[in-house]
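Student: One structure is given below, represented as structure tokens, and several questions about it will come after.
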Amino acid sequence: MSMDINTLYNQYLTDTTASNAKKTGIDQTLNKDMTGATDDELMSVCKEFEAYFLEQIFKGMKDTVVPAEEDTSMTMADYFEDNMYQQYAKDASDQGDYGIAQMLYEQMKRNYDL
């Protein structure tokens, strides 16, 4: 299944397990005017998105292995599991060289003429 960034972002916004603070943070980041951004700020935003993207991959992998329960209410265990996947994704993005952040960075530099 192919997803574009807008579809992924819209899915993120409608994800009921995501906290409102996280939704607001990514929304502000994606809607931020980056025309005056430094290279470090731009790369930071790209790494943030890469971590989010990896988080969605990790959660999708879990869903293919563990059958979903009938009860859709969020438990405390679900909350901690979501935090665990967020941390795994952040660590993977910081330590790995997946190229997603670098591609976004280069494209944003071209788009913003930085």
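All residue names refer to the structure tokens as shown: chains lettered A, B, ... in order, residues numbered from 1 in each chain, ligands numbered from 1 in order.
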With only C-alpha atoms as the counted atoms, please give the residues lying no more than 10 Å from region 109-112 of chain A, apart from itself and same-chain residues fewer than 4 positions off, as a ChimeraX atom specification.
Tutor: /A:33-39,42-43,103-105
Student: Could you name the residues that touch region 51-53 of chain A at 9 Å or less, counting only C-alpha atoms, but leaving out those on the same chain fewer than 2 positions away, as a ChimeraX atom specification?
Tutor: /A:8,46-49,55-58,86-94,100-101
